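Data first, discussion second: the structure below is written as structure tokens.
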Amino acid sequence: MRGPGHDTARRHRGTTVRAVLAGLLTAPLLALAPPAAAAPEDPATAEESAGDRPVQVDLGLLEPRTLTLGATVTLAGTLTNTGSETLTDLDLRLQRGELLDTRAELLATDDAPDPMTAVTTPFREVAGELRPGDSLPFTLTTTTDELGIDRDGVYPVLLNLNGAGPDGERRRVGELSTFLVQPPVLPATPTSVAWLWPLVGHTHRDASGGFVDDELAEELAAGGRLDRALATVERLPETVPAEGGEPVPAVPVTLAIDPALVEELAIMADGPYDVAGEDDAGTGTEEAAAFLDRLRAVAADHPVVALPYGDVDADALTATGLPGVVARSLPGTPEEDPDAPATPPTGAPPASDAAATDAGILREVLGVTPRTDLAWAVGGSLRPDTLRTLQDGGIDEVVLAPSGLTDGSAALGLDGPAAARTTVPTPDGAVSALVADSTLSELVEAVAETPGGARVAEQRYLAGLALLTLQPGGATAGQSVLVAPPREVDADPAGVSAMMADAAQLPWLRPVTVAQLGDGPVVDTGELVPPSGPGGLEPGGLADVAAAVAIRNQLASAVVGDPGVALAPWDAAIARTTSAAWRDDPEAFAEAAEDLRATMGRLLERVTLLSPADGTYSLASSDAPLVLTVRNDLPFAVRVQLRVQPRGNALAVEDIGEQVLAPEQRTTLQVPTEVRQSGRFTVVATLTTPDGAPLGDPVRLQVKSTAYGSISLIITIGAAALLGLLFLRRLALYLLRRRRGTPEGGDDDLPPGGPAPEGAAVPLPPTRSPV
């Protein structure tokens with residue numbers, strides 16, 4: 001998420017990699033001499049930025065976390081020479097800036113750091129020299145009296161290291177800023193702190209479900225991103241409940257889990273699994289199984305929220321006109337499918353709760369029943385139409401960033417008590433919402449990059465919380481704060497776990513679950529602020545997704561039974577492809593979207609007409625049916641329509657209406673015909689869904705008929721009748737002539753030279769037809 005504090009938190013980060021501080025407390029501590037009269041640093045060099053200093057200062061110990069009057073303050077860590085010159089004559093002191101008593105003043109120091117000149121303690125010598133690349137441990141001890149700390153509040157302080165180079169000139173060679181916190185001794189009502197901890201990531205499977213790489217195994221391995229994210233929660237201290245029993249984590253952390261990630265882990269754990277382009281099976285089977293065991297143990301102790309399957313980019317999909325993809329990915333029960341055909345097939349059952357299987361993944365694999373009515377807005381903001389889609393899908397509460405509301409900063413305690421709970425007005429009534437503290441959330445993400453290390457980040461975190469109790473009414477207002485780091489947080493387990501544990505270890509803080517924030521104070525934060533700027537998923541990839549969804553909906557109109565159940569694997573592929581994790585990798589998203597479109601297109605080719613071996617059908621009679629074979633390679637039954645279009649009027653074809661094709665079988669269809677003339681002619685057969693979408697390729701057939709059609713039959717009968725009449729005429733003439741004694745043919749039949757002589761033979765009548 002990105003909120004008002006995002007830029008300031010980023011400025012607070014350094015570019016150096018935090019030094020490893022393990023074992024620091026057991027390292028020999030440098031004995032510091034009593035205050036000595038050290039030469040003052042050169043004011044000109046003091047104006048240089050910390051990034052220009054040759055010594056990196058890392059802080060491993062700052063005790064106590066919060067001060068009381070007269071307390072002793074101890075800081076310890078390491079000094080590392082990142083420059084190219086040996087430094088000698090090192091000494092160190094602590095300088096304090098002006099008191100901060102509001103959170104707004106604290107945020108202002110990110111843009112305009114305090115010069116830290118209100119109080120300076122004496123320099124103390126650091127024994128030894130610091131060669132390039134070498135490190136020295138340090139310990140510095142002072143008191144609140146020496147620092148002039150006599151009131152509750154937050155005090156910016158600066159560790160100032162001076163030294164001399166080869167030229168002998170003394171100057172500031174290292175520095176580190178942090179905060180000392182002195183909260184009220186015991187406020188009337190502690191501030192409630194809740195954590196929403198993400199376990200998500202982009203998919204490593206294609207639209208067909210196969211693994212495209214084995215990078216998830218790297219994230220699960222020791223030191224990998226997901227390993228560290230889970231270890232952060234595992235490190236929390238435990239406590240025995242007041243009613244007794246087994247120890248439980250002292251801080252309840254609400255886990256936000258993507259069911260698609262858990263499904264992917266389960267596939268890997270079952271092993272072996274194939275990886276595209278690799279000859280050997282994937283290498284993450286053992287890591288996935290071990291991670292799932294750990295996740296089950298953690299989920300048994302902490303609340304779980306089911307994110308939409310694939311953690312889809314709801315705003316990007318809604319803006320593209322694909323709210324149905326969002327609805328089908330939700331773990332709640334959608335009331336309707338906005339992308340479903342306007343007129344479902346006759347007799348088809350209503351749309352099922354296909355998305356319930358997403359929560360079912362978490363129940364089956366992790367053995368927990370997750371919360372399904374909470375949606376965590378990607379980027380911290382929502383479009384109004386996206387919110388309506390979420391509500392229709394069973395979402396009752398949303399998590400937003402301050403920037404997602406017109407007056408979101410009112411929830412942060414900048415000008416009044418902090419309250420994470422709010423409501424969002426909609427035409428249908430107010431919707432419950434939680435506002436995540438953007439400054440603290442971004443600080444969690446930046447722990448590993450914070451100059452000085454995790455302990456400095458924790459002090460900045462405590463400073464922000466302490467100042468809430470110091471503002472007017474803060475100690476009695478029952479304030480609440482929600483910390484929700486970015487989804488793919490790259491966590492420092494020790495540092496972030498310490499931040500989480502602070503709520504259970506400090507009396508002015510109280511750990512609560514995200515659900516318990518709903519019982520806390522409410523603040524007015526205005527209306528939704530829709531996302532601005534390009535943001536979201538890459539437009540070209542979304543166009544491919546839209547085309548793939550159109551194919552899906554065409555196929556849904558043909559499904560016999562529940563489309564949500566039959567098309568669940570492909571709905572899951574669409575959701576994985578539209579994951580919000582692809583926002584930061586537009587090229588990878590474009591490739592995944594192209595693969596999705598091609599995969600969905602191939603579904604339509606799995607229902608097709610089969611041509612005869614020689615491409616010719618023979619019809620033996622005028623009403624012989626045209627027999628066609630259809631193959632359905634899909635794993636579910638479909639309704640289809642067959643269209644047969646002959647050329648010319650030689651063949652009439654009857655419409656056989658919708659036909660049901662059984663899954664993964666061949667079906668023979670008999671199409672009644674009427675042959676109007678014999679011969680050979682062309683017929684084109686096409687298979688479509690009930691909505692008219694083509695299935696497979698059209699088939700061009702040669703139909704041969706040896707039967708008489710109606711026209712041929714009329715001609716044949718007419719010719720036979722004519723022949724019969726001619727025969728009767730010739731026979732009648734013959735008989736008449738014989739009766740008169742006239743030879744056949746009359747005078748025309750007399751031989752040359754006149755009539756035959758008396759006694760000559762008379763010719764017999766013909767023995768065959770006269771024609």
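Each chain in the structure tokens gets a letter, A, B and so on, in the order shown; residues start at 1 in every chain, and ligands are counted from 1 in the order they appear.
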*Got a sec to tell me which of range 390-564 of chain A DSSP assigns to helix (DSSP H, G or I), as an NGL selection string?*
:A and (390-392 or 402-404 or 408-412 or 438-445 or 447-449 or 454-470 or 493-505 or 515-519 or 539-556 or 563-564)
Restrict the calculation to only C-alpha atoms, then for each residue of range 526-596 of chain A with any atom at most 10 Å from an atom of range 693-701 of chain A give the closest atom pair and their distance in Å to one decimal, rows by chain and rising residue number, as JSON lines.
```
{"residue": "A:Ile551", "atom": "CA", "partner": "A:Ala693", "partner_atom": "CA", "distance": 8.5}
{"residue": "A:Gln554", "atom": "CA", "partner": "A:Ala693", "partner_atom": "CA", "distance": 6.3}
{"residue": "A:Leu555", "atom": "CA", "partner": "A:Ala693", "partner_atom": "CA", "distance": 8.2}
{"residue": "A:Ser557", "atom": "CA", "partner": "A:Ala693", "partner_atom": "CA", "distance": 9.6}
{"residue": "A:Ala558", "atom": "CA", "partner": "A:Ala693", "partner_atom": "CA", "distance": 9.6}
```
*In Å, with one decimal, what is the gap from CA of Ala650 in chain A to CA of Val675 in chain A?*
6.3 Å
*A:Ala108, A:Leu220, A:Leu161, A:Leu67: which is nearest Thr144 in chain A, counting only C-alpha atoms?*
A:Leu67
_Spatial neighbours of Glu538 in chain A, 10 Å, only C-alpha atoms, chain gap at least 5 places, as a PyMOL selection string_ = chain A and resi 316+543+582-590+593
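Distance-wise, CA of Leu107 in chain A and CA of Leu414 in chain A end up 9.3 Å apart.
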*asked:* When DSSP is applied to the backbone of this structure, which of range 601-638 of chain A are assigned strand (DSSP E)? Write them out as number ranges by chain.
replied: A: 607-610, 616-619, 626-632, 638
Write the residues of the selection above to a file with C-alpha atoms, as a CSV table (one decimal), in the first residue's frame.
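Wrote result.csv, looks like this:
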```csv
chain,number,residue,atom,x,y,z
A,607,VAL,CA,-15.3,-30.2,-29.2
A,608,THR,CA,-15.2,-30.9,-33.0
A,609,LEU,CA,-16.8,-32.7,-35.9
A,610,LEU,CA,-14.9,-35.7,-37.4
A,616,THR,CA,-17.4,-38.5,-48.7
A,617,TYR,CA,-20.8,-39.7,-47.5
A,618,SER,CA,-23.2,-41.9,-49.5
A,619,LEU,CA,-27.0,-41.7,-49.2
A,626,LEU,CA,-26.8,-37.8,-42.7
A,627,VAL,CA,-24.7,-39.5,-40.0
A,628,LEU,CA,-22.0,-37.3,-38.4
A,629,THR,CA,-19.6,-38.1,-35.6
A,630,VAL,CA,-18.8,-35.5,-32.9
A,631,ARG,CA,-15.9,-35.8,-30.4
A,632,ASN,CA,-16.0,-34.0,-27.0
A,638,VAL,CA,-21.8,-29.7,-23.2
```
*From the list A:Leu186, A:Ala550, A:Leu462, A:Ala446, which residue is nearest Trp508 in chain A when using only C-alpha atoms?*
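Of A:Leu186, A:Ala550, A:Leu462, A:Ala446, the one nearest Trp508 in chain A is A:Leu186, counting only C-alpha atoms.
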Wanna dump the range 428-518 of chain A-range 236-259 of chain A contacts at 7 Å for me, each residue with its shortest atom pair and the distance in Å to one decimal, counting only C-alpha atoms, ordered by chain and number, as JSON lines?
```
{"residue": "A:Ser497", "atom": "CA", "partner": "A:Leu236", "partner_atom": "CA", "distance": 6.0}
{"residue": "A:Met500", "atom": "CA", "partner": "A:Val251", "partner_atom": "CA", "distance": 6.9}
{"residue": "A:Ala501", "atom": "CA", "partner": "A:Val251", "partner_atom": "CA", "distance": 6.3}
{"residue": "A:Ala504", "atom": "CA", "partner": "A:Ala250", "partner_atom": "CA", "distance": 6.1}
{"residue": "A:Pro511", "atom": "CA", "partner": "A:Val251", "partner_atom": "CA", "distance": 5.7}
{"residue": "A:Val512", "atom": "CA", "partner": "A:Pro252", "partner_atom": "CA", "distance": 6.4}
{"residue": "A:Thr513", "atom": "CA", "partner": "A:Pro252", "partner_atom": "CA", "distance": 5.8}
{"residue": "A:Val514", "atom": "CA", "partner": "A:Thr254", "partner_atom": "CA", "distance": 6.3}
```
*Measuring atom to atom with only C-alpha atoms, identify which of A:Ser381, A:Thr320, A:Gln645, A:Thr525 is nearest to Ser403 in chain A.*
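Ranking A:Ser381, A:Thr320, A:Gln645, A:Thr525 by distance to Ser403 in chain A, first place goes to A:Ser381.
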*Suppose you want the space between CA of Val560 in chain A and CA of Tyr309 in chain A; what is it in Å?*
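Going from CA of Val560 in chain A over to CA of Tyr309 in chain A, I get 24.9 Å.
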Could you make a table, as JSON lines, of the residues of range 285-311 of chain A that have an atom within 9 Å of an atom of range 194-200 of chain A, each with its nearest atom pair and distance in Å to one decimal, counting only C-alpha atoms, in chain and number order?
```
{"residue": "A:Val305", "atom": "CA", "partner": "A:Leu196", "partner_atom": "CA", "distance": 8.9}
{"residue": "A:Leu307", "atom": "CA", "partner": "A:Val200", "partner_atom": "CA", "distance": 9.0}
{"residue": "A:Gly310", "atom": "CA", "partner": "A:Val200", "partner_atom": "CA", "distance": 8.5}
{"residue": "A:Asp311", "atom": "CA", "partner": "A:Val200", "partner_atom": "CA", "distance": 7.7}
```
*Ala454 in chain A environment, 10 Å, only C-alpha atoms, sequence neighbours closer than 6 positions dropped, as a list in words*: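 In the requested form, the answer reads Arg18, Leu21, Asp58, Leu59, Gly60, Leu61, Val444, Ala446, Val447, Ala448, Arg460, Asp492, Pro493, Ala494, Gly495, Val496, Ala498 and Met499 of chain A.
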Using all heavy atoms, can you export the residues from the last selection as a compact mmCIF listing (two decimals), in the first residue's frame?
```txt
# COMPACT_ATOMS: atom_id res chain seq x y z
N ARG A 18 22.33 -3.69 5.57
CA ARG A 18 22.54 -3.77 7.01
C ARG A 18 23.57 -4.83 7.34
O ARG A 18 23.51 -5.95 6.86
CB ARG A 18 21.22 -4.11 7.70
CG ARG A 18 21.34 -4.10 9.21
CD ARG A 18 19.97 -4.23 9.84
NE ARG A 18 19.40 -5.53 9.58
CZ ARG A 18 19.56 -6.59 10.35
NH1 ARG A 18 20.33 -6.49 11.43
NH2 ARG A 18 19.01 -7.74 10.05
N LEU A 21 24.33 -8.56 12.67
CA LEU A 21 24.57 -8.20 14.06
C LEU A 21 24.46 -9.39 14.99
O LEU A 21 24.47 -9.23 16.21
CB LEU A 21 23.55 -7.13 14.49
CG LEU A 21 23.61 -5.83 13.65
CD1 LEU A 21 22.54 -4.88 14.13
CD2 LEU A 21 24.97 -5.18 13.77
N ASP A 58 26.14 0.72 12.62
CA ASP A 58 25.01 -0.20 12.80
C ASP A 58 24.74 -0.37 14.28
O ASP A 58 25.67 -0.59 15.08
CB ASP A 58 25.32 -1.56 12.18
CG ASP A 58 25.35 -1.49 10.66
OD1 ASP A 58 24.40 -0.94 10.07
OD2 ASP A 58 26.34 -1.96 10.05
N LEU A 59 23.45 -0.30 14.62
CA LEU A 59 23.04 -0.36 16.02
C LEU A 59 22.40 -1.70 16.32
O LEU A 59 21.40 -2.07 15.69
CB LEU A 59 22.05 0.78 16.31
CG LEU A 59 21.68 1.03 17.77
CD1 LEU A 59 22.90 1.48 18.57
CD2 LEU A 59 20.57 2.08 17.85
N GLY A 60 22.96 -2.42 17.27
CA GLY A 60 22.40 -3.71 17.65
C GLY A 60 21.68 -3.66 18.98
O GLY A 60 20.84 -4.51 19.27
N LEU A 61 21.99 -2.67 19.81
CA LEU A 61 21.40 -2.58 21.15
C LEU A 61 21.06 -1.13 21.45
O LEU A 61 21.88 -0.23 21.26
CB LEU A 61 22.39 -3.11 22.20
CG LEU A 61 21.98 -2.96 23.66
CD1 LEU A 61 20.83 -3.89 23.98
CD2 LEU A 61 23.17 -3.23 24.58
N VAL A 444 7.84 -1.22 8.23
CA VAL A 444 8.07 -2.66 8.38
C VAL A 444 8.76 -3.22 7.15
O VAL A 444 9.68 -4.03 7.24
CB VAL A 444 6.73 -3.38 8.64
CG1 VAL A 444 6.91 -4.89 8.60
CG2 VAL A 444 6.15 -2.94 9.98
N ALA A 446 10.71 -1.70 5.23
CA ALA A 446 12.05 -1.13 5.06
C ALA A 446 13.02 -1.52 6.16
O ALA A 446 14.12 -0.98 6.20
CB ALA A 446 11.94 0.40 5.00
N VAL A 447 12.64 -2.43 7.04
CA VAL A 447 13.50 -2.76 8.19
C VAL A 447 14.91 -3.13 7.74
O VAL A 447 15.90 -2.62 8.28
CB VAL A 447 12.86 -3.89 9.02
CG1 VAL A 447 13.89 -4.46 10.00
CG2 VAL A 447 11.65 -3.38 9.77
N ALA A 448 15.01 -4.01 6.78
CA ALA A 448 16.32 -4.50 6.37
C ALA A 448 17.16 -3.42 5.70
O ALA A 448 18.38 -3.55 5.62
CB ALA A 448 16.18 -5.70 5.43
N ARG A 460 11.92 3.86 15.60
CA ARG A 460 11.05 4.76 14.83
C ARG A 460 9.60 4.31 14.93
O ARG A 460 8.68 5.14 15.03
CB ARG A 460 11.51 4.76 13.37
CG ARG A 460 10.64 5.60 12.43
CD ARG A 460 10.67 7.07 12.82
NE ARG A 460 9.96 7.88 11.85
CZ ARG A 460 8.63 8.00 11.78
NH1 ARG A 460 7.88 7.32 12.64
NH2 ARG A 460 8.08 8.78 10.88
N ASP A 492 12.60 -8.81 7.65
CA ASP A 492 13.72 -9.15 8.53
C ASP A 492 13.08 -9.82 9.75
O ASP A 492 12.47 -9.15 10.57
CB ASP A 492 14.47 -7.89 8.93
CG ASP A 492 15.61 -8.17 9.89
OD1 ASP A 492 15.35 -8.70 10.99
OD2 ASP A 492 16.76 -7.85 9.55
N PRO A 493 13.18 -11.15 9.89
CA PRO A 493 12.43 -11.84 10.94
C PRO A 493 12.67 -11.31 12.34
O PRO A 493 11.72 -11.07 13.10
CB PRO A 493 12.89 -13.30 10.80
CG PRO A 493 13.32 -13.42 9.38
CD PRO A 493 13.93 -12.10 9.03
N ALA A 494 13.94 -11.12 12.70
CA ALA A 494 14.23 -10.67 14.07
C ALA A 494 13.68 -9.27 14.31
O ALA A 494 13.06 -8.99 15.34
CB ALA A 494 15.74 -10.70 14.32
N GLY A 495 13.91 -8.36 13.35
CA GLY A 495 13.49 -6.99 13.54
C GLY A 495 11.98 -6.82 13.56
O GLY A 495 11.42 -6.15 14.45
N VAL A 496 11.28 -7.45 12.61
CA VAL A 496 9.83 -7.29 12.54
C VAL A 496 9.15 -8.03 13.68
O VAL A 496 8.17 -7.54 14.27
CB VAL A 496 9.30 -7.77 11.19
CG1 VAL A 496 7.78 -7.63 11.12
CG2 VAL A 496 9.94 -6.97 10.05
N ALA A 498 10.32 -8.39 16.63
CA ALA A 498 10.47 -7.54 17.81
C ALA A 498 9.43 -6.43 17.81
O ALA A 498 8.86 -6.07 18.86
CB ALA A 498 11.88 -6.96 17.85
N MET A 499 9.14 -5.85 16.64
CA MET A 499 8.09 -4.83 16.55
C MET A 499 6.74 -5.40 16.96
O MET A 499 5.97 -4.78 17.69
CB MET A 499 8.01 -4.30 15.12
CG MET A 499 9.18 -3.46 14.66
SD MET A 499 8.90 -2.90 12.96
CE MET A 499 10.33 -1.88 12.69
```
Leaving out Arg388 in chain A and any residue of its chain fewer than 4 positions from it, which residues lie within 12 Å of it when counting only C-alpha atoms, given as a PDB file with N, CA and C atoms, in the first residue's frame?
```pdb
ATOM      1  N   ALA A 314      -8.457  -6.545  -8.243  1.00  0.00           N
ATOM      2  CA  ALA A 314      -9.895  -6.304  -8.384  1.00  0.00           C
ATOM      3  C   ALA A 314     -10.189  -5.014  -9.135  1.00  0.00           C
ATOM      4  N   ASP A 315      -9.456  -3.949  -8.828  1.00  0.00           N
ATOM      5  CA  ASP A 315      -9.722  -2.675  -9.503  1.00  0.00           C
ATOM      6  C   ASP A 315      -9.423  -2.753 -10.993  1.00  0.00           C
ATOM      7  N   THR A 318     -12.190  -4.812 -12.685  1.00  0.00           N
ATOM      8  CA  THR A 318     -13.467  -4.094 -12.754  1.00  0.00           C
ATOM      9  C   THR A 318     -13.415  -2.995 -13.803  1.00  0.00           C
ATOM     10  N   PRO A 323     -15.945  -7.835 -13.884  1.00  0.00           N
ATOM     11  CA  PRO A 323     -16.243  -8.049 -12.460  1.00  0.00           C
ATOM     12  C   PRO A 323     -16.490  -9.512 -12.130  1.00  0.00           C
ATOM     13  N   GLY A 324     -16.896 -10.303 -13.131  1.00  0.00           N
ATOM     14  CA  GLY A 324     -17.136 -11.713 -12.875  1.00  0.00           C
ATOM     15  C   GLY A 324     -15.884 -12.452 -12.450  1.00  0.00           C
ATOM     16  N   VAL A 326     -13.516 -11.204 -10.648  1.00  0.00           N
ATOM     17  CA  VAL A 326     -13.369 -10.858  -9.233  1.00  0.00           C
ATOM     18  C   VAL A 326     -14.329 -11.695  -8.397  1.00  0.00           C
ATOM     19  N   ALA A 327     -15.598 -11.735  -8.815  1.00  0.00           N
ATOM     20  CA  ALA A 327     -16.614 -12.448  -8.044  1.00  0.00           C
ATOM     21  C   ALA A 327     -16.268 -13.926  -7.902  1.00  0.00           C
ATOM     22  N   PRO A 334     -20.782 -15.558  -3.791  1.00  0.00           N
ATOM     23  CA  PRO A 334     -21.321 -14.542  -4.692  1.00  0.00           C
ATOM     24  C   PRO A 334     -22.809 -14.750  -4.914  1.00  0.00           C
ATOM     25  N   GLU A 335     -23.553 -13.641  -4.982  1.00  0.00           N
ATOM     26  CA  GLU A 335     -24.976 -13.729  -5.236  1.00  0.00           C
ATOM     27  C   GLU A 335     -25.256 -14.034  -6.696  1.00  0.00           C
ATOM     28  N   PRO A 338     -21.576 -11.696 -12.560  1.00  0.00           N
ATOM     29  CA  PRO A 338     -21.823 -10.590 -13.484  1.00  0.00           C
ATOM     30  C   PRO A 338     -21.431 -10.885 -14.921  1.00  0.00           C
ATOM     31  N   LEU A 382      -9.965   1.638  -3.689  1.00  0.00           N
ATOM     32  CA  LEU A 382     -10.964   0.870  -4.420  1.00  0.00           C
ATOM     33  C   LEU A 382     -11.841   1.793  -5.253  1.00  0.00           C
ATOM     34  N   ARG A 383     -12.210   1.325  -6.424  1.00  0.00           N
ATOM     35  CA  ARG A 383     -13.230   1.996  -7.203  1.00  0.00           C
ATOM     36  C   ARG A 383     -14.592   1.702  -6.574  1.00  0.00           C
ATOM     37  N   PRO A 384     -15.544   2.629  -6.670  1.00  0.00           N
ATOM     38  CA  PRO A 384     -16.877   2.352  -6.119  1.00  0.00           C
ATOM     39  C   PRO A 384     -17.525   1.105  -6.719  1.00  0.00           C
ATOM     40  N   ASP A 392     -21.292  -7.838  -3.297  1.00  0.00           N
ATOM     41  CA  ASP A 392     -22.110  -8.901  -3.876  1.00  0.00           C
ATOM     42  C   ASP A 392     -21.463 -10.267  -3.686  1.00  0.00           C
ATOM     43  N   GLY A 393     -20.148 -10.285  -3.538  1.00  0.00           N
ATOM     44  CA  GLY A 393     -19.428 -11.542  -3.339  1.00  0.00           C
ATOM     45  C   GLY A 393     -19.269 -11.934  -1.890  1.00  0.00           C
ATOM     46  N   GLY A 394     -19.956 -11.274  -0.987  1.00  0.00           N
ATOM     47  CA  GLY A 394     -19.928 -11.672   0.419  1.00  0.00           C
ATOM     48  C   GLY A 394     -18.953 -10.910   1.283  1.00  0.00           C
ATOM     49  N   ILE A 395     -18.359  -9.835   0.769  1.00  0.00           N
ATOM     50  CA  ILE A 395     -17.406  -9.047   1.551  1.00  0.00           C
ATOM     51  C   ILE A 395     -18.172  -8.016   2.385  1.00  0.00           C
ATOM     52  N   ASP A 396     -17.888  -8.007   3.694  1.00  0.00           N
ATOM     53  CA  ASP A 396     -18.551  -7.079   4.608  1.00  0.00           C
ATOM     54  C   ASP A 396     -17.630  -5.970   5.108  1.00  0.00           C
ATOM     55  N   GLU A 397     -16.314  -6.165   4.934  1.00  0.00           N
ATOM     56  CA  GLU A 397     -15.367  -5.191   5.467  1.00  0.00           C
ATOM     57  C   GLU A 397     -14.151  -5.135   4.552  1.00  0.00           C
ATOM     58  N   VAL A 398     -13.601  -3.931   4.364  1.00  0.00           N
ATOM     59  CA  VAL A 398     -12.439  -3.766   3.491  1.00  0.00           C
ATOM     60  C   VAL A 398     -11.322  -3.062   4.260  1.00  0.00           C
ATOM     61  N   VAL A 424     -17.377   3.435   5.025  1.00  0.00           N
ATOM     62  CA  VAL A 424     -17.340   4.034   3.702  1.00  0.00           C
ATOM     63  C   VAL A 424     -18.772   4.184   3.214  1.00  0.00           C
ATOM     64  N   PRO A 425     -19.218   5.408   2.911  1.00  0.00           N
ATOM     65  CA  PRO A 425     -20.587   5.577   2.433  1.00  0.00           C
ATOM     66  C   PRO A 425     -20.763   5.043   1.010  1.00  0.00           C
ATOM     67  N   THR A 426     -21.866   4.350   0.766  1.00  0.00           N
ATOM     68  CA  THR A 426     -22.221   3.867  -0.575  1.00  0.00           C
ATOM     69  C   THR A 426     -23.712   4.112  -0.773  1.00  0.00           C
ATOM     70  N   PRO A 427     -24.205   4.075  -2.010  1.00  0.00           N
ATOM     71  CA  PRO A 427     -25.642   4.261  -2.244  1.00  0.00           C
ATOM     72  C   PRO A 427     -26.511   3.267  -1.500  1.00  0.00           C
ATOM     73  N   ASP A 428     -25.949   2.090  -1.183  1.00  0.00           N
ATOM     74  CA  ASP A 428     -26.724   1.060  -0.487  1.00  0.00           C
ATOM     75  C   ASP A 428     -26.489   1.065   1.014  1.00  0.00           C
ATOM     76  N   GLY A 429     -25.787   2.068   1.528  1.00  0.00           N
ATOM     77  CA  GLY A 429     -25.498   2.127   2.953  1.00  0.00           C
ATOM     78  C   GLY A 429     -24.012   2.077   3.234  1.00  0.00           C
ATOM     79  N   ALA A 430     -23.666   2.302   4.483  1.00  0.00           N
ATOM     80  CA  ALA A 430     -22.258   2.346   4.876  1.00  0.00           C
ATOM     81  C   ALA A 430     -21.651   0.954   4.905  1.00  0.00           C
ATOM     82  N   VAL A 431     -20.387   0.871   4.485  1.00  0.00           N
ATOM     83  CA  VAL A 431     -19.630  -0.377   4.506  1.00  0.00           C
ATOM     84  C   VAL A 431     -18.500  -0.238   5.514  1.00  0.00           C
TER      85      VAL A 431
END
```
